[in-house]
>>> print(open('my_file29.cif').read())   # mmCIF, C-alpha atoms
data_protein
loop_
_atom_site.label_atom_id
_atom_site.label_comp_id
_atom_site.auth_asym_id
_atom_site.auth_seq_id
_atom_site.Cartn_x
_atom_site.Cartn_y
_atom_site.Cartn_z
CA MET X 30 88.95 43.52 61.46
CA LEU X 31 88.76 46.35 63.98
CA HIS X 32 92.14 47.85 64.83
CA VAL X 33 91.68 49.54 68.20
CA VAL X 34 94.20 51.40 70.35
CA HIS X 35 93.93 50.80 74.08
CA HIS X 36 96.10 51.06 77.18
CA ALA X 37 95.59 50.09 80.82
CA ASP X 38 96.27 53.71 81.80
CA TYR X 39 93.09 54.78 80.02
CA MET X 40 91.44 53.77 83.28
CA ALA X 41 91.88 55.98 86.31
CA PRO X 42 90.79 55.77 89.95
CA LYS X 43 87.61 57.60 90.91
CA PRO X 44 88.62 61.25 91.36
CA GLU X 45 88.54 62.83 94.80
CA ARG X 46 86.63 65.75 93.35
CA GLY X 47 84.30 65.99 90.37
CA THR X 48 81.78 63.57 88.91
CA PHE X 49 83.58 62.16 85.86
CA LYS X 50 83.59 58.36 85.60
CA PHE X 51 86.53 56.57 83.98
CA ASP X 52 85.15 53.03 84.15
CA LYS X 53 83.49 53.25 80.73
CA TYR X 54 86.90 52.92 79.07
CA TYR X 55 87.35 49.45 80.54
CA LEU X 56 83.74 48.55 79.77
CA VAL X 57 84.11 49.60 76.12
CA MET X 58 86.93 47.12 75.67
CA GLU X 59 84.96 44.43 77.48
CA ALA X 60 82.06 44.99 75.09
CA LEU X 61 84.35 44.83 72.06
CA ARG X 62 86.02 41.63 73.24
CA ALA X 63 82.67 40.02 74.00
CA SER X 64 81.23 40.92 70.59
CA GLY X 65 83.00 38.09 68.78
CA ALA X 66 84.08 40.50 66.03
CA PRO X 67 87.65 40.27 64.71
CA LEU X 68 89.72 42.57 66.89
CA THR X 69 93.36 43.58 67.06
CA GLU X 70 94.46 45.66 70.04
CA HIS X 71 97.39 48.06 69.84
CA ALA X 72 99.06 49.73 72.82
CA PRO X 73 100.23 53.34 72.44
CA VAL X 74 103.39 54.79 73.89
CA PRO X 75 103.15 58.04 75.89
CA CYS X 76 102.91 61.16 73.76
CA PRO X 77 106.30 62.94 73.84
CA ARG X 78 106.31 66.17 75.78
CA GLU X 79 107.49 68.20 72.79
CA TRP X 80 104.44 67.09 70.78
CA LEU X 81 102.19 68.48 73.50
CA GLU X 82 104.19 71.71 73.84
CA ALA X 83 103.89 72.30 70.10
CA VAL X 84 100.15 72.83 70.66
CA HIS X 85 99.68 73.65 74.35
CA CYS X 86 101.39 76.26 76.52
CA PRO X 87 104.64 74.72 77.88
CA ASN X 88 103.85 76.11 81.34
CA TYR X 89 100.51 74.27 81.34
CA VAL X 90 102.18 71.07 80.13
CA GLU X 91 104.62 71.40 83.03
CA GLU X 92 101.73 71.82 85.46
CA VAL X 93 100.17 68.59 84.23
CA PHE X 94 103.42 66.62 84.23
CA THR X 95 104.24 67.75 87.81
CA GLN X 96 100.65 67.60 89.08
CA THR X 97 100.69 71.30 90.00
CA VAL X 98 97.63 72.34 87.99
CA PRO X 99 96.00 75.26 89.84
CA ARG X 100 92.66 74.55 91.47
CA ASP X 101 90.80 76.93 89.14
CA LYS X 102 92.05 74.97 86.11
CA GLU X 103 91.16 71.67 87.77
CA ARG X 104 87.65 72.96 88.36
CA ARG X 105 87.45 73.85 84.68
CA ILE X 106 88.69 70.38 83.73
CA GLY X 107 86.25 68.70 86.10
CA PHE X 108 88.64 66.56 88.18
CA PRO X 109 92.05 66.84 89.89
CA VAL X 110 95.12 66.15 87.76
CA THR X 111 96.92 63.38 89.62
CA ALA X 112 100.00 61.40 88.60
CA HIS X 113 97.71 58.74 87.15
CA ILE X 114 95.79 61.34 85.12
CA ALA X 115 99.07 62.82 83.86
CA SER X 116 100.14 59.38 82.61
CA ARG X 117 96.67 58.69 81.22
CA VAL X 118 96.50 61.80 79.03
CA GLN X 119 99.98 61.16 77.63
CA HIS X 120 98.80 57.72 76.54
CA THR X 121 95.43 58.87 75.15
CA ASN X 122 97.16 61.54 73.06
CA GLY X 123 99.67 58.99 71.82
CA GLY X 124 96.70 56.74 71.12
CA THR X 125 95.04 59.09 68.66
CA TRP X 126 98.31 59.53 66.79
CA LEU X 127 98.73 55.73 66.67
CA ALA X 128 95.14 55.25 65.48
CA ALA X 129 95.86 57.64 62.61
CA GLN X 130 98.97 55.65 61.68
CA LEU X 131 96.92 52.43 61.70
CA ALA X 132 94.20 54.08 59.62
CA ILE X 133 96.75 55.03 56.98
CA LYS X 134 97.63 51.34 56.76
CA HIS X 135 94.21 49.73 57.17
CA GLY X 136 91.70 52.41 56.13
CA TYR X 137 90.10 52.74 59.56
CA ALA X 138 91.26 52.43 63.17
CA ALA X 139 89.89 53.59 66.51
CA ASN X 140 91.27 55.01 69.72
CA SER X 141 89.24 53.62 72.63
CA ALA X 142 89.55 56.92 74.50
CA ALA X 143 90.32 60.61 73.83
CA GLY X 144 88.43 62.97 71.54
CA SER X 145 89.33 65.64 74.10
CA HIS X 146 88.03 68.56 72.08
CA HIS X 147 87.54 71.13 74.87
CA ALA X 148 91.20 71.40 75.95
CA LEU X 149 92.62 74.85 75.19
CA HIS X 150 96.11 76.34 74.84
CA GLU X 151 96.71 77.16 78.52
CA THR X 152 94.19 74.94 80.29
CA GLY X 153 91.98 71.91 80.06
CA ALA X 154 88.19 72.09 80.19
CA GLY X 155 85.10 69.92 80.09
CA TYR X 156 86.81 66.66 81.20
CA CYS X 157 89.63 67.28 78.68
CA VAL X 158 93.27 67.83 79.72
CA PHE X 159 95.19 67.85 76.41
CA ASN X 160 93.59 68.12 72.97
CA ASP X 161 94.57 64.90 71.23
CA LEU X 162 92.87 65.89 67.97
CA ALA X 163 94.97 69.04 67.62
CA VAL X 164 98.13 67.38 68.94
CA ALA X 165 97.88 64.41 66.58
CA SER X 166 96.99 66.60 63.60
CA ASN X 167 99.96 68.87 64.20
CA ARG X 168 102.36 65.95 64.52
CA LEU X 169 101.03 64.02 61.53
CA ILE X 170 101.49 67.06 59.31
CA ALA X 171 104.91 67.88 60.80
CA GLU X 172 106.14 64.35 60.08
CA GLY X 173 104.75 64.33 56.52
CA ASP X 174 102.15 61.63 57.18
CA ALA X 175 99.44 64.01 55.96
CA ARG X 176 99.30 67.36 54.22
CA ARG X 177 95.71 68.35 55.00
CA ILE X 178 93.61 66.94 57.85
CA LEU X 179 89.86 67.20 58.28
CA ILE X 180 88.55 66.91 61.86
CA VAL X 181 84.91 65.83 61.90
CA ASP X 182 83.43 66.44 65.35
CA LEU X 183 79.96 64.97 65.90
CA ASP X 184 79.98 65.08 69.69
CA VAL X 185 76.85 66.78 71.07
CA HIS X 186 79.12 69.55 72.43
CA GLN X 187 80.98 71.97 70.18
CA GLY X 188 84.69 71.23 69.69
CA ASP X 189 85.71 74.66 70.93
CA GLY X 190 89.24 73.73 71.97
CA THR X 191 90.07 72.07 68.68
CA ALA X 192 88.66 75.04 66.76
CA SER X 193 90.69 77.58 68.74
CA LEU X 194 93.94 75.59 68.64
CA THR X 195 93.82 75.16 64.86
CA ALA X 196 92.13 78.44 63.92
CA LEU X 197 95.05 79.95 62.01
CA ARG X 198 95.97 76.82 60.07
CA GLU X 199 95.06 76.33 56.43
CA ASP X 200 96.05 72.66 56.51
CA ILE X 201 93.55 71.65 59.24
CA PHE X 202 89.77 72.02 58.77
CA THR X 203 87.41 71.68 61.74
CA PHE X 204 83.76 70.70 61.21
CA SER X 205 81.61 70.64 64.35
CA MET X 206 77.94 69.60 64.36
CA HIS X 207 76.51 69.97 67.85
CA ALA X 208 73.53 70.99 70.00
CA GLU X 209 73.58 74.78 69.83
CA LYS X 210 72.27 75.35 73.37
CA ASN X 211 74.61 72.85 75.02
CA PHE X 212 78.06 73.34 76.59
CA PRO X 213 80.14 75.38 76.00
CA VAL X 214 78.04 78.49 76.40
CA ARG X 215 80.62 80.57 74.54
CA LYS X 216 81.37 78.81 71.27
CA ALA X 217 84.64 79.09 69.37
CA ARG X 218 84.64 79.42 65.59
CA SER X 219 85.26 76.20 63.70
CA ASN X 220 85.81 76.29 59.95
CA LEU X 221 82.23 75.07 59.79
CA ASP X 222 79.85 75.04 62.75
CA ILE X 223 76.38 73.56 62.52
CA GLY X 224 74.33 74.29 65.63
CA LEU X 225 71.32 71.98 66.00
CA GLU X 226 68.04 72.65 67.77
CA ASP X 227 67.13 70.67 70.89
CA GLY X 228 65.32 67.40 70.33
CA LEU X 229 66.43 66.84 66.73
CA ASP X 230 65.66 63.23 65.69
CA ASP X 231 67.41 60.71 63.46
CA ASP X 232 65.99 61.87 60.15
CA GLY X 233 66.64 65.54 60.78
CA TYR X 234 70.16 64.89 62.05
CA LEU X 235 71.16 62.65 59.16
CA ASP X 236 69.70 65.10 56.63
CA VAL X 237 71.88 67.90 58.01
CA LEU X 238 74.97 65.70 58.05
CA ALA X 239 74.37 64.53 54.47
CA LYS X 240 73.96 68.13 53.36
CA HIS X 241 77.31 69.29 54.69
CA LEU X 242 79.87 66.48 55.14
CA PRO X 243 80.34 65.42 51.48
CA ARG X 244 80.74 69.04 50.43
CA VAL X 245 83.31 69.69 53.15
CA ILE X 246 85.37 66.65 52.13
CA ASP X 247 85.31 67.55 48.46
CA ASN X 248 86.03 71.26 48.94
CA PHE X 249 88.83 70.90 51.50
CA ALA X 250 90.32 67.76 49.90
CA PRO X 251 92.02 66.26 52.96
CA ASP X 252 94.27 63.25 52.80
CA LEU X 253 93.33 62.06 56.31
CA VAL X 254 90.25 62.41 58.53
CA LEU X 255 90.09 62.39 62.33
CA TYR X 256 86.61 61.68 63.64
CA GLN X 257 85.39 62.65 67.11
CA ALA X 258 82.68 60.00 67.39
CA GLY X 259 80.97 61.03 70.60
CA VAL X 260 77.78 59.09 71.37
CA ASP X 261 76.26 61.85 73.51
CA PRO X 262 73.77 62.93 70.79
CA HIS X 263 71.85 59.83 71.97
CA GLU X 264 68.30 60.44 73.19
CA ASN X 265 69.08 59.01 76.64
CA ASP X 266 72.42 60.72 77.17
CA LYS X 267 72.68 62.50 80.51
CA LEU X 268 74.40 65.57 79.03
CA GLY X 269 72.88 65.62 75.54
CA ARG X 270 69.98 67.64 74.18
CA LEU X 271 69.31 65.71 70.97
CA ALA X 272 67.09 62.69 70.29
CA ILE X 273 69.21 60.29 68.25
CA SER X 274 68.41 56.59 68.62
CA ASP X 275 70.81 53.65 68.68
CA ALA X 276 70.01 53.05 65.00
CA GLY X 277 70.56 56.73 64.26
CA LEU X 278 74.04 56.68 65.77
CA ILE X 279 74.96 53.59 63.75
CA ALA X 280 73.64 55.24 60.58
CA ARG X 281 75.65 58.38 61.39
CA ASP X 282 78.90 56.47 61.83
CA LYS X 283 78.43 54.33 58.75
CA PHE X 284 77.69 57.46 56.71
CA VAL X 285 80.84 59.24 57.92
CA LEU X 286 82.98 56.16 57.30
CA SER X 287 81.51 55.56 53.85
CA GLU X 288 81.88 59.16 52.70
CA VAL X 289 85.54 59.12 53.69
CA ARG X 290 86.46 55.65 52.48
CA LYS X 291 84.72 55.87 49.10
CA ARG X 292 87.14 58.72 48.41
CA GLU X 293 89.97 56.34 49.36
CA LEU X 294 90.93 58.38 52.44
CA PRO X 295 91.98 56.95 55.82
CA ILE X 296 89.90 57.75 58.90
CA ALA X 297 90.73 57.37 62.59
CA SER X 298 88.12 57.78 65.30
CA ALA X 299 88.43 58.93 68.90
CA LEU X 300 85.88 57.98 71.54
CA GLY X 301 84.43 61.34 72.57
CA GLY X 302 81.55 61.94 74.93
CA GLY X 303 78.89 59.62 76.26
CA TYR X 304 77.31 60.01 79.69
CA GLY X 305 74.73 58.17 81.77
CA ASP X 306 74.06 56.44 85.06
CA ASP X 307 74.41 53.01 83.42
CA GLN X 308 78.02 52.88 82.27
CA ASN X 309 77.54 49.51 80.59
CA GLU X 310 74.89 51.04 78.36
CA VAL X 311 77.11 53.98 77.44
CA ALA X 312 80.06 51.68 76.77
CA ALA X 313 77.89 49.51 74.52
CA ARG X 314 77.05 52.57 72.39
CA HIS X 315 80.74 53.33 71.93
CA ALA X 316 81.52 49.71 71.08
CA ARG X 317 78.71 49.51 68.52
CA SER X 318 80.01 52.71 66.95
CA MET X 319 83.48 51.27 66.39
CA LEU X 320 82.20 47.90 65.21
CA ALA X 321 79.83 49.53 62.72
CA MET X 322 82.67 51.57 61.23
CA ALA X 323 84.96 48.55 61.07
CA ALA X 324 82.26 46.59 59.23
CA ALA X 325 81.72 49.43 56.77
CA ASN X 326 85.46 49.73 56.24
CA GLN X 327 85.64 46.02 55.41
CA ILE X 328 83.31 46.60 52.47
CA TYR X 329 85.72 49.12 50.97
CA ALA X 330 88.72 46.91 51.72
CA GLU X 331 87.10 44.03 49.82
CA GLN X 332 86.20 46.31 46.91
CA ASP X 333 89.78 47.54 46.76
CA SER X 334 91.08 43.97 46.83
CA ARG X 335 88.81 42.95 43.93
CA ALA X 336 89.84 46.01 41.93
CA ARG X 337 93.51 45.13 42.33
CA GLN X 338 92.89 41.56 41.17
CA VAL X 339 91.21 42.88 38.02
#
>>> encode(input="my_file29.cif", output="structure tokens")
Amino acid sequence: MLHVVHHADYMAPKPERGTFKFDKYYLVMEALRASGAPLTEHAPVPCPREWLEAVHCPNYVEEVFTQTVPRDKERRIGFPVTAHIASRVQHTNGGTWLAAQLAIKHGYAANSAAGSHHALHETGAGYCVFNDLAVASNRLIAEGDARRILIVDLDVHQGDGTASLTALREDIFTFSMHAEKNFPVRKARSNLDIGLEDGLDDDGYLDVLAKHLPRVIDNFAPDLVLYQAGVDPHENDKLGRLAISDAGLIARDKFVLSEVRKRELPIASALGGGYGDDQNEVAARHARSMLAMAAANQIYAEQDSRARQV
């Protein structure tokens, strides 16, 4: 069973300025529904303003809520912040928090949007308005749902916003594995950054991941994992610089899920990046990612059920 968080506001009209396409969020859900896999959809409520202001500058939050974001910030984000966008990002941030709550109950759950890892304290950036990973982590810890949270970011771009927003916290660990020469040009400092050379293939990528992820989990000892599961490391991604195949992405996601779940930890994923001229193709990669993790989670759920019967 895949527990997935989705809301109609995840879609947005084509922006007047910028090139970002929002239609993949609808297409991801279409692909999931057409897969025939067991699926339960959950609708998030808007993220409360105080949750956002606990992480982002209150003045910037006000700019987003009132659609008065200065043009220079909108250029940095990549599209104008309209009333629809303001509603959308409140729901996507609430969606990552809800996915974490569902993961605590079911082992794994997915948000069908978000993973907005470039958003900074006083501005958005790189198609990201608010940083749902930092916002959700802060709130989960504040409410006592988790004590220590590991953020695993395998988007092809470094999670610079998440790293900077959580840099002084000992209860949040950020691990970013990304193409070193890709955006952003100026990298932040995650707790662990692994910059990869252009053109890295499946075997090389998975070797690096296997070398670092288990050690990070064991050394930091989180009680919850948030996973930015961007599919832009794919060999055909428009904004990627790596050479990961469809099979490589599936192997990556199964490995992450298995390493977390075999330690009996919950994991929630956020959609992250994925770019191309064929939006159906990009959406299919995201859908396969979530379905692969749900299938892997089912294995651990069945093992846990058998252990309890014994």
>>> resolve_selection(input="my_file29.cif", expression="the PyMOL selection byres ((chain X and resi 218-225) around 9)", output="CSV table (one decimal) with C-alpha atoms, in the frame of the given file")
chain,number,residue,atom,x,y,z
X,187,GLN,CA,81.0,72.0,70.2
X,188,GLY,CA,84.7,71.2,69.7
X,189,ASP,CA,85.7,74.7,70.9
X,191,THR,CA,90.1,72.1,68.7
X,192,ALA,CA,88.7,75.0,66.8
X,193,SER,CA,90.7,77.6,68.7
X,195,THR,CA,93.8,75.2,64.9
X,196,ALA,CA,92.1,78.4,63.9
X,202,PHE,CA,89.8,72.0,58.8
X,203,THR,CA,87.4,71.7,61.7
X,204,PHE,CA,83.8,70.7,61.2
X,205,SER,CA,81.6,70.6,64.4
X,206,MET,CA,77.9,69.6,64.4
X,207,HIS,CA,76.5,70.0,67.8
X,208,ALA,CA,73.5,71.0,70.0
X,209,GLU,CA,73.6,74.8,69.8
X,210,LYS,CA,72.3,75.4,73.4
X,216,LYS,CA,81.4,78.8,71.3
X,217,ALA,CA,84.6,79.1,69.4
X,226,GLU,CA,68.0,72.6,67.8
X,227,ASP,CA,67.1,70.7,70.9
X,228,GLY,CA,65.3,67.4,70.3
X,229,LEU,CA,66.4,66.8,66.7
X,234,TYR,CA,70.2,64.9,62.0
X,237,VAL,CA,71.9,67.9,58.0
X,241,HIS,CA,77.3,69.3,54.7
X,245,VAL,CA,83.3,69.7,53.2
X,271,LEU,CA,69.3,65.7,71.0
>>> residues_around(input="my_file29.cif", residues="Ala299 of chain X", least_positions_apart="4", cutoff="6 Å", atoms="all atoms listed in the file", output="mmCIF file with C-alpha atoms, in the coordinates of the input")
data_model
loop_
_atom_site.group_PDB
_atom_site.id
_atom_site.type_symbol
_atom_site.label_atom_id
_atom_site.label_comp_id
_atom_site.auth_asym_id
_atom_site.auth_seq_id
_atom_site.Cartn_x
_atom_site.Cartn_y
_atom_site.Cartn_z
ATOM 1 C CA ASN X 140 91.270 55.010 69.720
ATOM 2 C CA ALA X 143 90.320 60.610 73.830
ATOM 3 C CA GLY X 144 88.430 62.970 71.540
ATOM 4 C CA GLN X 257 85.390 62.650 67.110
#
>>> residues_around(input="my_file29.cif", residues="Met30 of chain X", least_positions_apart="6", cutoff="7 Å", atoms="all atoms listed in the file", output="PyMOL selection string")
chain X and resi 67-68+323
>>> residues_around(input="my_file29.cif", residues="Gly301 of chain X", least_positions_apart="5", cutoff="9 Å", atoms="all atoms listed in the file", output="NGL selection string")
:X and (142-146 or 182-184 or 257-261 or 315)
>>> axis_aligned_box(input="my_file29.cif", around="segment 178-188 of chain X", padding_each_side="5 Å", output="AutoDock Vina command-line options")
--center_x 85.2 --center_y 68.5 --center_z 65.1 --size_x 26.8 --size_y 17.0 --size_z 24.6
>>> residues_near_point(input="my_file29.cif", point="(87.7, 54.3, 54.1)", cutoff="12 Å", atoms="all atoms listed in the file", output="short mmCIF file (atom, residue, chain, number, x, y, z; two decimals) with C-alpha atoms, in the frame of the given file")
data_model
loop_
_atom_site.label_atom_id
_atom_site.label_comp_id
_atom_site.auth_asym_id
_atom_site.auth_seq_id
_atom_site.Cartn_x
_atom_site.Cartn_y
_atom_site.Cartn_z
CA ALA X 132 94.20 54.08 59.62
CA ILE X 133 96.75 55.03 56.98
CA LYS X 134 97.63 51.34 56.76
CA HIS X 135 94.21 49.73 57.17
CA GLY X 136 91.70 52.41 56.13
CA TYR X 137 90.10 52.74 59.56
CA ALA X 138 91.26 52.43 63.17
CA ASP X 252 94.27 63.25 52.80
CA LEU X 253 93.33 62.06 56.31
CA VAL X 254 90.25 62.41 58.53
CA LEU X 255 90.09 62.39 62.33
CA ASP X 282 78.90 56.47 61.83
CA LYS X 283 78.43 54.33 58.75
CA PHE X 284 77.69 57.46 56.71
CA VAL X 285 80.84 59.24 57.92
CA LEU X 286 82.98 56.16 57.30
CA SER X 287 81.51 55.56 53.85
CA GLU X 288 81.88 59.16 52.70
CA VAL X 289 85.54 59.12 53.69
CA ARG X 290 86.46 55.65 52.48
CA LYS X 291 84.72 55.87 49.10
CA ARG X 292 87.14 58.72 48.41
CA GLU X 293 89.97 56.34 49.36
CA LEU X 294 90.93 58.38 52.44
CA PRO X 295 91.98 56.95 55.82
CA ILE X 296 89.90 57.75 58.90
CA ALA X 297 90.73 57.37 62.59
CA SER X 298 88.12 57.78 65.30
CA MET X 322 82.67 51.57 61.23
CA ALA X 323 84.96 48.55 61.07
CA ALA X 324 82.26 46.59 59.23
CA ALA X 325 81.72 49.43 56.77
CA ASN X 326 85.46 49.73 56.24
CA GLN X 327 85.64 46.02 55.41
CA ILE X 328 83.31 46.60 52.47
CA TYR X 329 85.72 49.12 50.97
CA ALA X 330 88.72 46.91 51.72
CA GLU X 331 87.10 44.03 49.82
CA GLN X 332 86.20 46.31 46.91
CA ASP X 333 89.78 47.54 46.76
#
>>> resolve_selection(input="my_file29.cif", expression="the PyMOL selection byres ((chain X and resi 31-34) around 8)", output="list in words")
Met30, His35, His36, Ala66, Pro67, Leu68, Thr69, Glu70, His71, Ala72, Pro73, Gly124, Thr125, Leu127, Ala128, Leu131, Tyr137, Ala138, Ala139, Asn140, Ser141, Met319, Leu320 and Ala323 of chain X
>>> resolve_selection(input="my_file29.cif", expression="the PyMOL selection byres ((chain X and resi 235) around 10)", output="number ranges by chain")
X: 229-234, 236-240, 273, 277-278, 280-281, 284
>>> closest_residue(input="my_file29.cif", among="X:Trp126, X:Phe49, X:Phe212, X:Tyr156", to="Leu81 of chain X", atoms="all atoms listed in the file")
X:Trp126
>>> closest_residue(input="my_file29.cif", among="X:Ser116, X:Ile279, X:Asn248, X:Arg46", to="Pro262 of chain X", atoms="only C-alpha atoms")
X:Ile279
>>> closest_atom_pairs(input="my_file29.cif", of="segment 31-133 of chain X", to="segment 158-174 of chain X", cutoff="12 Å", atoms="all atoms listed in the file", output="tab-separated table")
residue	atom	partner	partner_atom	distance
X:Pro75	CA	X:Asp161	CA	11.9
X:Cys76	CA	X:Val164	CA	9.2
X:Pro77	CA	X:Val164	CA	10.5
X:Arg78	CA	X:Val164	CA	10.7
X:Glu79	CA	X:Arg168	CA	10.0
X:Trp80	CA	X:Val164	CA	6.6
X:Leu81	CA	X:Val164	CA	6.2
X:Glu82	CA	X:Val164	CA	8.9
X:Ala83	CA	X:Val164	CA	7.7
X:Val84	CA	X:Val164	CA	6.1
X:His85	CA	X:Phe159	CA	7.6
X:Cys86	CA	X:Phe159	CA	10.4
X:Pro87	CA	X:Phe159	CA	11.8
X:Tyr89	CA	X:Phe159	CA	9.7
X:Val90	CA	X:Phe159	CA	8.5
X:Glu92	CA	X:Val158	CA	11.0
X:Val93	CA	X:Val158	CA	8.3
X:Phe94	CA	X:Val158	CA	11.2
X:Gln96	CA	X:Val158	CA	11.9
X:Val98	CA	X:Val158	CA	10.4
X:Lys102	CA	X:Val158	CA	9.7
X:Glu103	CA	X:Val158	CA	9.2
X:Arg104	CA	X:Val158	CA	11.5
X:Arg105	CA	X:Val158	CA	9.7
X:Ile106	CA	X:Val158	CA	6.6
X:Gly107	CA	X:Val158	CA	9.5
X:Phe108	CA	X:Val158	CA	9.7
X:Pro109	CA	X:Val158	CA	10.3
X:Val110	CA	X:Val158	CA	8.4
X:Thr111	CA	X:Val158	CA	11.5
X:Ile114	CA	X:Val158	CA	8.8
X:Ala115	CA	X:Val158	CA	8.7
X:Ser116	CA	X:Val158	CA	11.3
X:Arg117	CA	X:Val158	CA	9.9
X:Val118	CA	X:Phe159	CA	6.7
X:Gln119	CA	X:Phe159	CA	8.3
X:His120	CA	X:Asp161	CA	9.9
X:Thr121	CA	X:Asp161	CA	7.2
X:Asn122	CA	X:Asp161	CA	4.6
X:Gly123	CA	X:Ala165	CA	7.7
X:Gly124	CA	X:Asp161	CA	8.4
X:Thr125	CA	X:Asp161	CA	6.4
X:Trp126	CA	X:Ala165	CA	4.9
X:Leu127	CA	X:Ala165	CA	8.7
X:Ala128	CA	X:Ala165	CA	9.6
X:Ala129	CA	X:Ala165	CA	8.1
X:Gln130	CA	X:Asp174	CA	8.1
X:Leu131	CA	X:Asp174	CA	11.5
X:Ala132	CA	X:Asp174	CA	11.2
X:Ile133	CA	X:Asp174	CA	8.5
>>> write_last_selection(input="my_file29.cif", atoms="C-alpha atoms", output="mmCIF file, keeping the file's coordinate frame")
data_model
loop_
_atom_site.group_PDB
_atom_site.id
_atom_site.type_symbol
_atom_site.label_atom_id
_atom_site.label_comp_id
_atom_site.auth_asym_id
_atom_site.auth_seq_id
_atom_site.Cartn_x
_atom_site.Cartn_y
_atom_site.Cartn_z
ATOM 1 C CA PRO X 75 103.150 58.040 75.890
ATOM 2 C CA CYS X 76 102.910 61.160 73.760
ATOM 3 C CA PRO X 77 106.300 62.940 73.840
ATOM 4 C CA ARG X 78 106.310 66.170 75.780
ATOM 5 C CA GLU X 79 107.490 68.200 72.790
ATOM 6 C CA TRP X 80 104.440 67.090 70.780
ATOM 7 C CA LEU X 81 102.190 68.480 73.500
ATOM 8 C CA GLU X 82 104.190 71.710 73.840
ATOM 9 C CA ALA X 83 103.890 72.300 70.100
ATOM 10 C CA VAL X 84 100.150 72.830 70.660
ATOM 11 C CA HIS X 85 99.680 73.650 74.350
ATOM 12 C CA CYS X 86 101.390 76.260 76.520
ATOM 13 C CA PRO X 87 104.640 74.720 77.880
ATOM 14 C CA TYR X 89 100.510 74.270 81.340
ATOM 15 C CA VAL X 90 102.180 71.070 80.130
ATOM 16 C CA GLU X 92 101.730 71.820 85.460
ATOM 17 C CA VAL X 93 100.170 68.590 84.230
ATOM 18 C CA PHE X 94 103.420 66.620 84.230
ATOM 19 C CA GLN X 96 100.650 67.600 89.080
ATOM 20 C CA VAL X 98 97.630 72.340 87.990
ATOM 21 C CA LYS X 102 92.050 74.970 86.110
ATOM 22 C CA GLU X 103 91.160 71.670 87.770
ATOM 23 C CA ARG X 104 87.650 72.960 88.360
ATOM 24 C CA ARG X 105 87.450 73.850 84.680
ATOM 25 C CA ILE X 106 88.690 70.380 83.730
ATOM 26 C CA GLY X 107 86.250 68.700 86.100
ATOM 27 C CA PHE X 108 88.640 66.560 88.180
ATOM 28 C CA PRO X 109 92.050 66.840 89.890
ATOM 29 C CA VAL X 110 95.120 66.150 87.760
ATOM 30 C CA THR X 111 96.920 63.380 89.620
ATOM 31 C CA ILE X 114 95.790 61.340 85.120
ATOM 32 C CA ALA X 115 99.070 62.820 83.860
ATOM 33 C CA SER X 116 100.140 59.380 82.610
ATOM 34 C CA ARG X 117 96.670 58.690 81.220
ATOM 35 C CA VAL X 118 96.500 61.800 79.030
ATOM 36 C CA GLN X 119 99.980 61.160 77.630
ATOM 37 C CA HIS X 120 98.800 57.720 76.540
ATOM 38 C CA THR X 121 95.430 58.870 75.150
ATOM 39 C CA ASN X 122 97.160 61.540 73.060
ATOM 40 C CA GLY X 123 99.670 58.990 71.820
ATOM 41 C CA GLY X 124 96.700 56.740 71.120
ATOM 42 C CA THR X 125 95.040 59.090 68.660
ATOM 43 C CA TRP X 126 98.310 59.530 66.790
ATOM 44 C CA LEU X 127 98.730 55.730 66.670
ATOM 45 C CA ALA X 128 95.140 55.250 65.480
ATOM 46 C CA ALA X 129 95.860 57.640 62.610
ATOM 47 C CA GLN X 130 98.970 55.650 61.680
ATOM 48 C CA LEU X 131 96.920 52.430 61.700
ATOM 49 C CA ALA X 132 94.200 54.080 59.620
ATOM 50 C CA ILE X 133 96.750 55.030 56.980
#
>>> atom_distance(input="my_file29.cif", atom1="atom CA of Leu268 of chain X", atom2="atom CA of Ile201 of chain X")
28.2 Å
>>> atom_distance(input="my_file29.cif", atom1="atom CA of Ala41 of chain X", atom2="atom CA of Val57 of chain X")
14.3 Å
